[in-house]
Amino acid sequence: MTDVAAIVLAAGRSRRMGAFKPLLPFGDQTVIESCINNLRGAGIHEIVVVTGHRGDEVQMQLTRIDVKFAVNPEPDSEMGVSIARGVEQISTDAKALLIALVDHPAVPSETIGAIIDEWKLGARLVRPQHNKRGGHPVLIDLRYREELLNLDTAKGLRSLFENHQSQVRKLAVNSPYVARDMDTWEDYVRLHQEVFGRSPETI
């Protein structure tokens, strides 16, 4: 699939976690690898990983995986900065963009595929939700590319969705993992136990 690309936001410091999220074990791979493989399973070929804090280590981990990288030199900046750096690397062939968060490694490929299908049916902005709680990844038609490059620093993506409310499709999905943030160590261990039936390997 060449008309839908994705960026994975992985530039932050993971302060609340107390450990570096992208490189934590998740099953038999790392969190960042799980995010990428879930996107690949939905047919996404063009993936840009936005790095910042410990970016060299992330790139080293992904040496054998066909992804592009963008660097946010300000890992403490708002999410909109990372989004802009990622969008800058997306090819002009892409017509829509998925924005995925590194702390959502359990979103199944089938759910991502359903989000893409909504765009194919004409939706311009798609946000998945589970039990009416919004989540990620979100999909944005790249007719809004310039707005993605210049997001409101305070509101980020919310400003884009608010400015085009009539174009937003809230897609109810079966997976609870679209709305499950992995902010703390307890969140991480609980998610790992749910998905794999066991605690993560000792770091």
# chains A, B, ... in the order shown; residues from 1 in each chain; ligands from 1
call {"tool": "closest_atom_pairs", "arguments": {"of": "region 124-148 of chain A", "to": "region 66-90 of chain A", "cutoff": "12 Å", "atoms": "only C-alpha atoms", "output": "JSON lines"}}
result
{"residue": "A:Ile140", "atom": "CA", "partner": "A:Val87", "partner_atom": "CA", "distance": 11.2}
{"residue": "A:Leu142", "atom": "CA", "partner": "A:Val87", "partner_atom": "CA", "distance": 9.5}
{"residue": "A:Tyr144", "atom": "CA", "partner": "A:Val87", "partner_atom": "CA", "distance": 10.8}
{"residue": "A:Arg145", "atom": "CA", "partner": "A:Val87", "partner_atom": "CA", "distance": 7.5}
{"residue": "A:Glu146", "atom": "CA", "partner": "A:Ala84", "partner_atom": "CA", "distance": 9.2}
{"residue": "A:Glu147", "atom": "CA", "partner": "A:Ala84", "partner_atom": "CA", "distance": 9.2}
{"residue": "A:Leu148", "atom": "CA", "partner": "A:Ala84", "partner_atom": "CA", "distance": 6.1}
call {"tool": "write_last_selection", "arguments": {"atoms": "C-alpha atoms", "output": "short mmCIF file (atom, residue, chain, number, x, y, z; two decimals), in the first residue's frame"}}
result
data_model
loop_
_atom_site.label_atom_id
_atom_site.label_comp_id
_atom_site.auth_asym_id
_atom_site.auth_seq_id
_atom_site.Cartn_x
_atom_site.Cartn_y
_atom_site.Cartn_z
CA ILE A 140 -5.31 12.19 8.46
CA LEU A 142 -2.75 14.51 3.44
CA TYR A 144 -4.05 18.66 5.43
CA ARG A 145 -0.27 18.24 5.08
CA GLU A 146 0.45 21.94 5.55
CA GLU A 147 -1.64 22.06 8.70
CA LEU A 148 0.26 19.07 10.07
#
call {"tool": "residues_around", "arguments": {"residues": "Ala179 (chain A)", "least_positions_apart": "3", "cutoff": "8 Å", "atoms": "only C-alpha atoms", "output": "MDAnalysis selection string"}}
result
chainID A and resid 129:130 133:136 176
call {"tool": "select_by_dssp", "arguments": {"residues": "chain A", "states": "strand (DSSP E)", "output": "PDB file with C-alpha atoms, in the first residue's frame"}}
result
ATOM      1  CA  VAL A   4      -1.099   5.416   3.138  1.00  0.00           C
ATOM      2  CA  ALA A   5       2.047   6.102   5.164  1.00  0.00           C
ATOM      3  CA  ALA A   6       2.660   6.189   8.911  1.00  0.00           C
ATOM      4  CA  ILE A   7       4.790   7.957  11.449  1.00  0.00           C
ATOM      5  CA  VAL A   8       5.607   6.499  14.855  1.00  0.00           C
ATOM      6  CA  LEU A   9       6.291   9.103  17.527  1.00  0.00           C
ATOM      7  CA  ALA A  10       9.153   7.920  19.748  1.00  0.00           C
ATOM      8  CA  PRO A  25      10.601  -5.878  25.820  1.00  0.00           C
ATOM      9  CA  PHE A  26       7.153  -6.606  24.416  1.00  0.00           C
ATOM     10  CA  GLN A  29      10.422  -8.059  20.425  1.00  0.00           C
ATOM     11  CA  THR A  30      10.642  -4.479  21.647  1.00  0.00           C
ATOM     12  CA  ILE A  47       6.958   4.211   7.982  1.00  0.00           C
ATOM     13  CA  VAL A  48       8.869   7.095   9.535  1.00  0.00           C
ATOM     14  CA  VAL A  49      10.077   6.724  13.121  1.00  0.00           C
ATOM     15  CA  VAL A  50      10.522  10.067  14.856  1.00  0.00           C
ATOM     16  CA  THR A  51      13.345   9.831  17.380  1.00  0.00           C
ATOM     17  CA  LYS A  68      12.942   5.943   7.638  1.00  0.00           C
ATOM     18  CA  PHE A  69      13.925   8.202  10.507  1.00  0.00           C
ATOM     19  CA  ALA A  70      13.235  11.783  11.430  1.00  0.00           C
ATOM     20  CA  VAL A  71      14.869  13.523  14.374  1.00  0.00           C
ATOM     21  CA  ALA A  96      -3.081   9.704   3.894  1.00  0.00           C
ATOM     22  CA  LEU A  97      -1.075   9.423   7.086  1.00  0.00           C
ATOM     23  CA  LEU A  98      -1.439   7.334  10.215  1.00  0.00           C
ATOM     24  CA  ILE A  99       0.031   8.885  13.346  1.00  0.00           C
ATOM     25  CA  ALA A 100       0.939   6.180  15.851  1.00  0.00           C
ATOM     26  CA  LEU A 101       2.284   6.538  19.375  1.00  0.00           C
ATOM     27  CA  LEU A 125      -9.982  12.399   9.508  1.00  0.00           C
ATOM     28  CA  VAL A 126     -10.429   9.127  11.385  1.00  0.00           C
ATOM     29  CA  ARG A 127     -10.107   8.613  15.105  1.00  0.00           C
ATOM     30  CA  PRO A 128     -10.678   5.157  16.589  1.00  0.00           C
ATOM     31  CA  GLN A 129     -12.536   4.869  19.844  1.00  0.00           C
ATOM     32  CA  HIS A 130     -13.334   2.092  22.268  1.00  0.00           C
ATOM     33  CA  ARG A 133     -12.941   6.817  24.476  1.00  0.00           C
ATOM     34  CA  GLY A 134     -10.766   8.215  21.689  1.00  0.00           C
ATOM     35  CA  VAL A 138      -5.410   8.497  14.019  1.00  0.00           C
ATOM     36  CA  LEU A 139      -5.573   8.861  10.244  1.00  0.00           C
ATOM     37  CA  ILE A 140      -5.308  12.194   8.464  1.00  0.00           C
ATOM     38  CA  ASP A 141      -5.839  12.791   4.782  1.00  0.00           C
ATOM     39  CA  VAL A 168     -14.032  13.654  11.486  1.00  0.00           C
ATOM     40  CA  ARG A 169     -15.124  10.026  11.561  1.00  0.00           C
ATOM     41  CA  LYS A 170     -15.174   8.516  15.050  1.00  0.00           C
ATOM     42  CA  LEU A 171     -14.729   4.830  14.413  1.00  0.00           C
ATOM     43  CA  ALA A 172     -15.853   2.392  17.103  1.00  0.00           C
TER      44      ALA A 172
END
call {"tool": "select_by_dssp", "arguments": {"residues": "region 162-203 of chain A", "states": "helix (DSSP H, G or I)", "output": "NGL selection string"}}
result
:A and (162-163 or 165-167 or 176-179 or 185-196)
call {"tool": "atom_distance", "arguments": {"atom1": "CA of Val102 (chain A)", "atom2": "CA of Ala154 (chain A)"}}
result
20.6 Å
call {"tool": "atom_distance", "arguments": {"atom1": "CA of Lys95 (chain A)", "atom2": "CA of Ser109 (chain A)"}}
result
19.5 Å
call {"tool": "atom_distance", "arguments": {"atom1": "CA of Gln59 (chain A)", "atom2": "CA of Gly18 (chain A)"}}
result
20.8 Å
call {"tool": "closest_residue", "arguments": {"among": "A:Gly55, A:Pro105, A:Gly27, A:Gly12", "to": "Met182 (chain A)", "atoms": "only C-alpha atoms"}}
result
A:Pro105
call {"tool": "residues_around", "arguments": {"residues": "Pro22 (chain A)", "least_positions_apart": "2", "cutoff": "6 Å", "atoms": "only C-alpha atoms", "output": "number ranges by chain"}}
result
A: 20, 24, 31-32
call {"tool": "write_last_selection", "arguments": {"atoms": "N, CA and C atoms", "output": "short mmCIF file (atom, residue, chain, number, x, y, z; two decimals), in the first residue's frame"}}
result
data_model
loop_
_atom_site.label_atom_id
_atom_site.label_comp_id
_atom_site.auth_asym_id
_atom_site.auth_seq_id
_atom_site.Cartn_x
_atom_site.Cartn_y
_atom_site.Cartn_z
N PHE A 20 13.01 3.53 29.36
CA PHE A 20 12.85 4.05 28.01
C PHE A 20 11.88 3.18 27.22
N LEU A 24 11.75 -1.20 25.57
CA LEU A 24 11.28 -2.20 26.53
C LEU A 24 10.87 -3.48 25.81
N VAL A 31 9.02 -2.77 22.22
CA VAL A 31 7.81 -1.97 22.04
C VAL A 31 7.79 -1.30 20.66
N ILE A 32 8.90 -0.68 20.27
CA ILE A 32 8.94 0.03 18.98
C ILE A 32 8.79 -0.95 17.83
#
